[in-house]
$ cat run.cif   # mmCIF, C-alpha atoms
data_query
#
loop_
_atom_site.label_atom_id
_atom_site.label_comp_id
_atom_site.auth_asym_id
_atom_site.auth_seq_id
_atom_site.Cartn_x
_atom_site.Cartn_y
_atom_site.Cartn_z
CA MET A 1 -143.13 116.83 -36.11
CA PRO A 2 -144.55 116.78 -39.64
CA ASN A 3 -142.25 118.44 -42.17
CA TRP A 4 -144.78 121.08 -43.15
CA LEU A 5 -144.91 122.36 -39.57
CA THR A 6 -141.15 122.51 -39.11
CA HIS A 7 -140.80 124.41 -42.39
CA LEU A 8 -142.80 127.28 -40.86
CA GLY A 9 -139.93 127.84 -38.44
CA GLY A 10 -140.46 130.56 -35.85
CA LEU A 11 -143.98 131.34 -37.08
CA GLY A 12 -145.06 127.74 -36.60
CA LEU A 13 -143.48 127.68 -33.15
CA PHE A 14 -145.30 130.87 -32.17
CA VAL A 15 -148.70 129.51 -33.25
CA VAL A 16 -148.17 126.12 -31.59
CA ALA A 17 -147.01 127.83 -28.37
CA ILE A 18 -150.19 129.94 -28.28
CA ILE A 19 -152.45 126.91 -28.71
CA ASP A 20 -150.36 124.82 -26.30
CA SER A 21 -151.07 127.32 -23.48
CA SER A 22 -154.73 127.79 -24.31
CA ILE A 23 -157.86 125.79 -23.50
CA ILE A 24 -157.71 124.15 -26.95
CA PRO A 25 -156.16 120.68 -26.56
CA LEU A 26 -153.27 119.79 -28.86
CA PRO A 27 -153.05 116.22 -30.17
CA VAL A 28 -149.52 115.74 -28.79
CA PRO A 29 -148.78 116.93 -25.21
CA GLY A 30 -145.69 119.11 -25.11
CA SER A 31 -145.89 119.97 -28.81
CA THR A 32 -144.08 123.27 -28.26
CA ASP A 33 -141.18 121.46 -26.57
CA LEU A 34 -140.88 118.97 -29.42
CA LEU A 35 -141.04 121.62 -32.13
CA LEU A 36 -138.54 123.86 -30.32
CA LEU A 37 -136.15 120.94 -29.88
CA TRP A 38 -136.45 119.98 -33.53
CA LEU A 39 -135.91 123.52 -34.86
CA ILE A 40 -132.82 124.02 -32.72
CA ALA A 41 -131.54 120.60 -33.73
CA ARG A 42 -131.71 121.80 -37.33
CA SER A 43 -129.36 124.70 -36.51
CA GLY A 44 -132.03 127.23 -35.58
CA ASN A 45 -131.04 130.22 -33.43
CA PRO A 46 -131.73 129.03 -29.85
CA TRP A 47 -132.01 132.53 -28.36
CA LEU A 48 -134.50 133.68 -30.99
CA LEU A 49 -136.54 130.48 -30.87
CA VAL A 50 -136.77 130.49 -27.06
CA THR A 51 -137.95 134.13 -27.19
CA ILE A 52 -140.59 133.25 -29.80
CA GLY A 53 -141.76 130.24 -27.78
CA VAL A 54 -142.06 132.27 -24.58
CA ALA A 55 -143.92 135.07 -26.38
CA GLY A 56 -146.43 132.67 -27.91
CA SER A 57 -146.90 130.85 -24.64
CA LEU A 58 -147.51 134.14 -22.81
CA ALA A 59 -150.14 135.09 -25.40
CA GLY A 60 -151.95 131.76 -25.04
CA GLY A 61 -151.62 131.72 -21.25
CA TYR A 62 -152.95 135.25 -20.90
CA THR A 63 -155.95 134.35 -23.08
CA THR A 64 -156.72 131.39 -20.81
CA TRP A 65 -156.22 133.51 -17.67
CA HIS A 66 -158.60 136.13 -19.11
CA ILE A 67 -161.26 133.50 -19.81
CA GLY A 68 -161.01 132.41 -16.18
CA ARG A 69 -161.22 136.01 -14.98
CA ARG A 70 -164.34 136.69 -17.06
CA GLY A 71 -166.04 133.35 -16.55
CA GLY A 72 -165.26 132.88 -12.84
CA GLU A 73 -166.59 129.71 -11.24
CA ALA A 74 -168.73 128.94 -14.30
CA ALA A 75 -165.59 128.70 -16.45
CA LEU A 76 -163.93 126.41 -13.93
CA ARG A 77 -166.91 124.07 -13.82
CA ARG A 78 -167.08 124.00 -17.61
CA TYR A 79 -163.41 123.47 -18.45
CA VAL A 80 -161.89 121.73 -15.42
CA PRO A 81 -162.73 118.06 -14.72
CA ALA A 82 -164.80 117.69 -11.55
CA ARG A 83 -162.32 115.22 -10.04
CA LEU A 84 -159.55 117.86 -10.21
CA LEU A 85 -161.53 121.01 -9.47
CA GLY A 86 -161.35 120.94 -5.68
CA ARG A 87 -157.61 120.26 -5.51
CA ILE A 88 -156.77 122.86 -8.16
CA VAL A 89 -158.87 125.56 -6.48
CA GLY A 90 -157.26 124.73 -3.14
CA TRP A 91 -153.76 124.97 -4.61
CA VAL A 92 -154.43 128.31 -6.29
CA LYS A 93 -155.97 129.76 -3.13
CA HIS A 94 -153.14 128.69 -0.82
CA HIS A 95 -150.16 128.68 -3.23
CA PRO A 96 -150.97 131.16 -6.04
CA VAL A 97 -147.36 131.48 -7.24
CA LEU A 98 -146.51 127.77 -7.21
CA ALA A 99 -149.88 126.91 -8.77
CA VAL A 100 -148.84 128.93 -11.83
CA PHE A 101 -145.10 128.23 -11.85
CA LEU A 102 -145.02 124.44 -11.44
CA PRO A 103 -147.54 123.49 -14.19
CA ALA A 104 -145.84 125.95 -16.55
CA VAL A 105 -142.34 124.61 -15.95
CA LEU A 106 -143.02 120.88 -15.59
CA PRO A 107 -143.56 118.65 -18.65
CA PRO A 108 -146.69 116.59 -19.42
CA PRO A 109 -148.71 114.91 -18.01
CA ILE A 110 -148.91 117.82 -15.53
CA PRO A 111 -152.02 119.77 -16.67
CA LEU A 112 -151.59 123.48 -17.40
CA SER A 113 -154.83 125.12 -18.52
CA PRO A 114 -156.89 124.19 -15.38
CA PHE A 115 -154.37 126.00 -13.16
CA VAL A 116 -154.22 128.99 -15.49
CA LEU A 117 -158.02 129.20 -15.61
CA ALA A 118 -158.21 128.96 -11.83
CA SER A 119 -155.62 131.69 -11.39
CA GLY A 120 -157.82 134.03 -13.42
CA ALA A 121 -161.07 132.95 -11.78
CA LEU A 122 -159.60 133.29 -8.27
CA SER A 123 -158.19 136.77 -8.89
CA VAL A 124 -154.47 136.18 -9.21
CA SER A 125 -153.36 139.58 -10.53
CA ARG A 126 -152.45 139.94 -14.18
CA GLY A 127 -148.97 141.25 -13.41
CA ARG A 128 -148.14 138.43 -11.02
CA PHE A 129 -149.50 135.81 -13.41
CA LEU A 130 -147.53 137.09 -16.41
CA ALA A 131 -144.31 137.42 -14.40
CA VAL A 132 -144.49 133.93 -12.88
CA PHE A 133 -145.76 132.25 -16.04
CA GLY A 134 -143.14 133.96 -18.20
CA ALA A 135 -140.31 133.01 -15.82
CA ALA A 136 -141.45 129.37 -15.77
CA ARG A 137 -141.72 129.14 -19.56
CA THR A 138 -138.33 130.83 -20.02
CA LEU A 139 -136.71 128.28 -17.70
CA ARG A 140 -138.42 125.35 -19.41
CA TYR A 141 -137.70 126.42 -22.98
CA SER A 142 -134.09 127.33 -22.11
CA LEU A 143 -133.58 123.77 -20.91
CA ILE A 144 -135.13 122.45 -24.12
CA ALA A 145 -132.83 124.73 -26.13
CA TRP A 146 -129.78 123.40 -24.30
CA LEU A 147 -130.85 119.85 -25.09
CA GLY A 148 -131.29 120.81 -28.73
CA VAL A 149 -127.82 122.35 -28.90
CA ALA A 150 -126.17 119.47 -27.03
CA TYR A 151 -127.95 116.56 -28.72
CA GLY A 152 -129.30 118.13 -31.90
CA ARG A 153 -127.43 115.89 -34.34
CA HIS A 154 -128.78 112.76 -32.65
CA VAL A 155 -132.33 114.11 -32.93
CA VAL A 156 -131.94 114.82 -36.65
CA ARG A 157 -130.40 111.40 -37.28
CA LEU A 158 -133.25 109.68 -35.44
CA TRP A 159 -135.86 111.52 -37.50
CA THR A 160 -134.27 111.06 -40.91
CA GLY A 161 -133.32 107.45 -40.30
CA THR A 162 -136.37 106.06 -38.52
CA LEU A 163 -139.43 108.31 -38.41
CA GLN A 164 -139.49 109.96 -41.82
CA LYS A 165 -141.61 107.20 -43.36
CA TRP A 166 -144.41 107.99 -40.89
CA SER A 167 -144.61 111.71 -41.68
CA THR A 168 -147.71 111.46 -43.91
CA SER A 169 -149.65 109.41 -41.36
CA LEU A 170 -148.59 111.74 -38.56
CA LEU A 171 -149.70 114.73 -40.61
CA CYS A 172 -153.19 113.28 -41.16
CA VAL A 173 -153.62 112.37 -37.49
CA PHE A 174 -152.25 115.72 -36.32
CA VAL A 175 -154.56 117.75 -38.57
CA ALA A 176 -157.62 115.68 -37.66
CA LEU A 177 -157.02 115.97 -33.93
CA LEU A 178 -156.13 119.65 -34.15
CA LEU A 179 -159.36 120.41 -36.00
CA SER A 180 -161.30 118.42 -33.41
CA GLY A 181 -159.63 120.39 -30.64
CA LEU A 182 -160.41 123.71 -32.34
CA CYS A 183 -164.05 122.75 -32.78
CA MET A 184 -164.27 121.68 -29.14
CA GLY A 185 -162.71 124.93 -27.96
CA ILE A 186 -165.10 127.04 -30.06
CA TRP A 187 -168.08 125.00 -28.84
CA LYS A 188 -167.06 125.43 -25.21
CA ALA A 189 -166.53 129.16 -25.64
CA ARG A 190 -169.98 129.59 -27.21
CA SER A 191 -171.59 127.46 -24.51
CA LEU A 192 -169.96 129.60 -21.83
CA ARG A 193 -171.31 132.78 -23.43
CA LYS A 194 -174.81 131.32 -23.64
CA SER A 195 -174.60 130.25 -20.00
CA ASP A 196 -173.52 133.74 -18.94
CA ALA A 197 -176.32 135.29 -21.01
CA ALA A 198 -178.88 132.98 -19.38
CA GLU A 199 -177.66 133.66 -15.84
CA LYS A 200 -177.54 137.43 -16.19
CA PRO A 201 -181.35 138.04 -16.38
CA ALA A 202 -181.86 135.72 -13.41
CA LEU A 203 -179.34 137.65 -11.34
CA GLN A 204 -180.90 140.97 -12.35
CA ALA A 205 -184.36 139.71 -11.41
CA LYS A 206 -183.07 138.49 -8.06
CA ALA A 207 -181.43 141.84 -7.38
CA ALA A 208 -184.63 143.71 -8.29
CA HIS A 209 -186.68 141.44 -6.01
CA THR A 210 -184.25 142.06 -3.13
CA ASP A 211 -184.53 145.81 -3.60
#
$ encode --input "run.cif" --output "structure tokens"
Amino acid sequence: MPNWLTHLGGLGLFVVAIIDSSIIPLPVPGSTDLLLLWLIARSGNPWLLVTIGVAGSLAGGYTTWHIGRRGGEAALRRYVPARLLGRIVGWVKHHPVLAVFLPAVLPPPIPLSPFVLASGALSVSRGRFLAVFGAARTLRYSLIAWLGVAYGRHVVRLWTGTLQKWSTSLLCVFVALLLSGLCMGIWKARSLRKSDAAEKPALQAKAAHTD
């Protein structure tokens, strides 16, 4: 992780965890895991950092779930690749708990946001989603915290001895990709609103014609 991000400590972890569980793609998969591991390796409080990571992840996951709930099938078609849509919808319909738990607890390249969107679009209740998602993230980040406590010195030595010289390049790439992801997320959100606004008059006209 770039030094400027690690210097933010818990605040940086909270923000990264929110984005990591949202529809906005991060440049590095598992960024929350890496940042959490690094902060604990630098003698951060593991209990506090795990709590912060889970809280941020819940905030980002709930936002994604809410987008799926509001957007329904239109949100799924817009945000989920067509080659995955059928399998994800089938999983959420037949295994609603596992479809939330497994993507939230397993590391990349297992996709997360398509399952979270589908759980909202297919009416997985808010309480069930938050409980299952929170339990999965707590388990995952607790394991990361244990690794940080057990092998933290090796992580710090690897960074300071080998990767420090690349920090400036990593910072530039990270910022560029993060800005691209933010722009893409905003564009998709605006497109979804325009699509909903265009479909609403057509549905109203159809309902009036039926009456």
$ closest_residue --input "run.cif" --among "A:Ile19, A:Leu130, A:Leu13, A:Ala121" --to "Asp33 (chain A)" --atoms "all atoms listed in the file"
A:Leu13
$ atom_distance --input "run.cif" --atom1 "CA of Ile110 (chain A)" --atom2 "CA of Asn45 (chain A)"
28.2 Å
$ closest_residue --input "run.cif" --among "A:Tyr151, A:Tyr79, A:Phe133, A:Trp146" --to "Leu102 (chain A)" --atoms "all atoms listed in the file"
A:Phe133
$ atom_distance --input "run.cif" --atom1 "CA of Arg78 (chain A)" --atom2 "CA of Pro96 (chain A)"
21.1 Å
$ closest_residue --input "run.cif" --among "A:Phe14, A:Trp38, A:Phe115, A:Phe101" --to "Leu85 (chain A)" --atoms "all atoms listed in the file"
A:Phe115
$ atom_distance --input "run.cif" --atom1 "CA of Ile40 (chain A)" --atom2 "CA of Gly9 (chain A)"
9.9 Å
$ residues_around --input "run.cif" --residues "Gly56 (chain A)" --least-positions-apart "3" --cutoff "10 Å" --atoms "only C-alpha atoms" --output "JSON, numbers by chain"
{"A": [11, 13, 14, 15, 16, 17, 18, 19, 20, 21, 32, 50, 51, 52, 53, 59, 60, 61, 62]}
$ residues_around --input "run.cif" --residues "Val132 (chain A)" --least-positions-apart "3" --cutoff "7 Å" --atoms "all atoms listed in the file" --output "list in words"
Val97, Val100, Phe101, Arg128, Phe129, Ala135 and Ala136 of chain A
$ closest_residue --input "run.cif" --among "A:Leu139, A:Val89, A:Leu36, A:Ala104" --to "Gly120 (chain A)" --atoms "all atoms listed in the file"
A:Val89
$ closest_residue --input "run.cif" --among "A:Ile67, A:Val28, A:Leu147, A:Leu84" --to "Ser123 (chain A)" --atoms "all atoms listed in the file"
A:Ile67
$ closest_residue --input "run.cif" --among "A:Leu8, A:Ala55, A:Ala99, A:Val149" --to "Ala118 (chain A)" --atoms "all atoms listed in the file"
A:Ala99
$ resolve_selection --input "run.cif" --expression "the PyMOL selection byres ((chain A and resi 68) around 9)" --output "PyMOL selection string"
chain A and resi 63-67+69-76+116-123
$ write_last_selection --input "run.cif" --atoms "C-alpha atoms" --output "compact mmCIF listing (two decimals), in the frame of the given file"
# COMPACT_ATOMS: atom_id res chain seq x y z
CA THR A 63 -155.95 134.35 -23.08
CA THR A 64 -156.72 131.39 -20.81
CA TRP A 65 -156.22 133.51 -17.67
CA HIS A 66 -158.60 136.13 -19.11
CA ILE A 67 -161.26 133.50 -19.81
CA ARG A 69 -161.22 136.01 -14.98
CA ARG A 70 -164.34 136.69 -17.06
CA GLY A 71 -166.04 133.35 -16.55
CA GLY A 72 -165.26 132.88 -12.84
CA GLU A 73 -166.59 129.71 -11.24
CA ALA A 74 -168.73 128.94 -14.30
CA ALA A 75 -165.59 128.70 -16.45
CA LEU A 76 -163.93 126.41 -13.93
CA VAL A 116 -154.22 128.99 -15.49
CA LEU A 117 -158.02 129.20 -15.61
CA ALA A 118 -158.21 128.96 -11.83
CA SER A 119 -155.62 131.69 -11.39
CA GLY A 120 -157.82 134.03 -13.42
CA ALA A 121 -161.07 132.95 -11.78
CA LEU A 122 -159.60 133.29 -8.27
CA SER A 123 -158.19 136.77 -8.89
$ build_atoms --input "run.cif" --residues "region 84-118 of chain A" --atoms "N, CA and C atoms" --output "tab-separated table (two decimals), keeping the file's coordinate frame"
chain	number	residue	atom	x	y	z
A	84	LEU	N	-160.73	117.04	-10.49
A	84	LEU	CA	-159.55	117.86	-10.21
A	84	LEU	C	-159.89	119.23	-9.65
A	85	LEU	N	-161.16	119.63	-9.77
A	85	LEU	CA	-161.53	121.01	-9.47
A	85	LEU	C	-161.19	121.42	-8.05
A	86	GLY	N	-161.57	120.58	-7.07
A	86	GLY	CA	-161.35	120.94	-5.68
A	86	GLY	C	-159.88	121.11	-5.34
A	87	ARG	N	-159.04	120.19	-5.82
A	87	ARG	CA	-157.61	120.26	-5.51
A	87	ARG	C	-156.95	121.46	-6.20
A	88	ILE	N	-157.36	121.73	-7.44
A	88	ILE	CA	-156.77	122.86	-8.16
A	88	ILE	C	-157.15	124.18	-7.51
A	89	VAL	N	-158.42	124.33	-7.15
A	89	VAL	CA	-158.87	125.56	-6.48
A	89	VAL	C	-158.13	125.74	-5.15
A	90	GLY	N	-157.97	124.65	-4.40
A	90	GLY	CA	-157.26	124.73	-3.14
A	90	GLY	C	-155.81	125.15	-3.32
A	91	TRP	N	-155.15	124.61	-4.35
A	91	TRP	CA	-153.76	124.97	-4.61
A	91	TRP	C	-153.63	126.44	-4.98
A	92	VAL	N	-154.52	126.91	-5.84
A	92	VAL	CA	-154.43	128.31	-6.29
A	92	VAL	C	-154.72	129.26	-5.13
A	93	LYS	N	-155.64	128.90	-4.27
A	93	LYS	CA	-155.97	129.76	-3.13
A	93	LYS	C	-154.81	129.85	-2.14
A	94	HIS	N	-154.16	128.72	-1.86
A	94	HIS	CA	-153.14	128.69	-0.82
A	94	HIS	C	-151.72	128.88	-1.36
A	95	HIS	N	-151.50	128.55	-2.65
A	95	HIS	CA	-150.16	128.68	-3.23
A	95	HIS	C	-150.28	129.31	-4.62
A	96	PRO	N	-150.70	130.57	-4.72
A	96	PRO	CA	-150.97	131.16	-6.04
A	96	PRO	C	-149.76	131.22	-6.96
A	97	VAL	N	-148.56	131.42	-6.40
A	97	VAL	CA	-147.36	131.48	-7.24
A	97	VAL	C	-146.96	130.10	-7.73
A	98	LEU	N	-146.88	129.13	-6.82
A	98	LEU	CA	-146.51	127.77	-7.21
A	98	LEU	C	-147.54	127.15	-8.13
A	99	ALA	N	-148.81	127.48	-7.94
A	99	ALA	CA	-149.88	126.91	-8.77
A	99	ALA	C	-149.77	127.36	-10.22
A	100	VAL	N	-149.10	128.49	-10.46
A	100	VAL	CA	-148.84	128.93	-11.83
A	100	VAL	C	-147.48	128.44	-12.30
A	101	PHE	N	-146.48	128.53	-11.44
A	101	PHE	CA	-145.10	128.23	-11.85
A	101	PHE	C	-144.90	126.75	-12.17
A	102	LEU	N	-145.32	125.86	-11.27
A	102	LEU	CA	-145.02	124.44	-11.44
A	102	LEU	C	-145.66	123.85	-12.69
A	103	PRO	N	-146.98	124.06	-12.95
A	103	PRO	CA	-147.54	123.49	-14.19
A	103	PRO	C	-146.91	124.07	-15.46
A	104	ALA	N	-146.43	125.33	-15.37
A	104	ALA	CA	-145.84	125.95	-16.55
A	104	ALA	C	-144.42	125.49	-16.81
A	105	VAL	N	-143.72	125.02	-15.78
A	105	VAL	CA	-142.34	124.61	-15.95
A	105	VAL	C	-142.18	123.10	-16.09
A	106	LEU	N	-143.13	122.33	-15.55
A	106	LEU	CA	-143.02	120.88	-15.59
A	106	LEU	C	-143.62	120.33	-16.89
A	107	PRO	N	-143.07	119.23	-17.39
A	107	PRO	CA	-143.56	118.65	-18.65
A	107	PRO	C	-144.85	117.86	-18.44
A	108	PRO	N	-145.53	117.47	-19.53
A	108	PRO	CA	-146.69	116.59	-19.42
A	108	PRO	C	-146.30	115.32	-18.68
A	109	PRO	N	-147.25	114.70	-17.97
A	109	PRO	CA	-148.71	114.91	-18.01
A	109	PRO	C	-149.25	115.93	-17.01
A	110	ILE	N	-148.41	116.79	-16.43
A	110	ILE	CA	-148.91	117.82	-15.53
A	110	ILE	C	-149.83	118.74	-16.32
A	111	PRO	N	-151.11	118.90	-15.91
A	111	PRO	CA	-152.02	119.77	-16.67
A	111	PRO	C	-151.68	121.24	-16.46
A	112	LEU	N	-151.90	122.05	-17.48
A	112	LEU	CA	-151.59	123.48	-17.40
A	112	LEU	C	-152.84	124.35	-17.37
A	113	SER	N	-153.71	124.19	-18.37
A	113	SER	CA	-154.83	125.12	-18.52
A	113	SER	C	-155.76	125.16	-17.30
A	114	PRO	N	-156.03	124.06	-16.57
A	114	PRO	CA	-156.89	124.19	-15.38
A	114	PRO	C	-156.31	125.14	-14.34
A	115	PHE	N	-155.00	125.11	-14.13
A	115	PHE	CA	-154.37	126.00	-13.16
A	115	PHE	C	-154.39	127.45	-13.65
A	116	VAL	N	-154.19	127.64	-14.94
A	116	VAL	CA	-154.22	128.99	-15.49
A	116	VAL	C	-155.63	129.57	-15.41
A	117	LEU	N	-156.63	128.76	-15.75
A	117	LEU	CA	-158.02	129.20	-15.61
A	117	LEU	C	-158.34	129.57	-14.17
A	118	ALA	N	-157.92	128.71	-13.25
A	118	ALA	CA	-158.21	128.96	-11.83
A	118	ALA	C	-157.51	130.21	-11.33
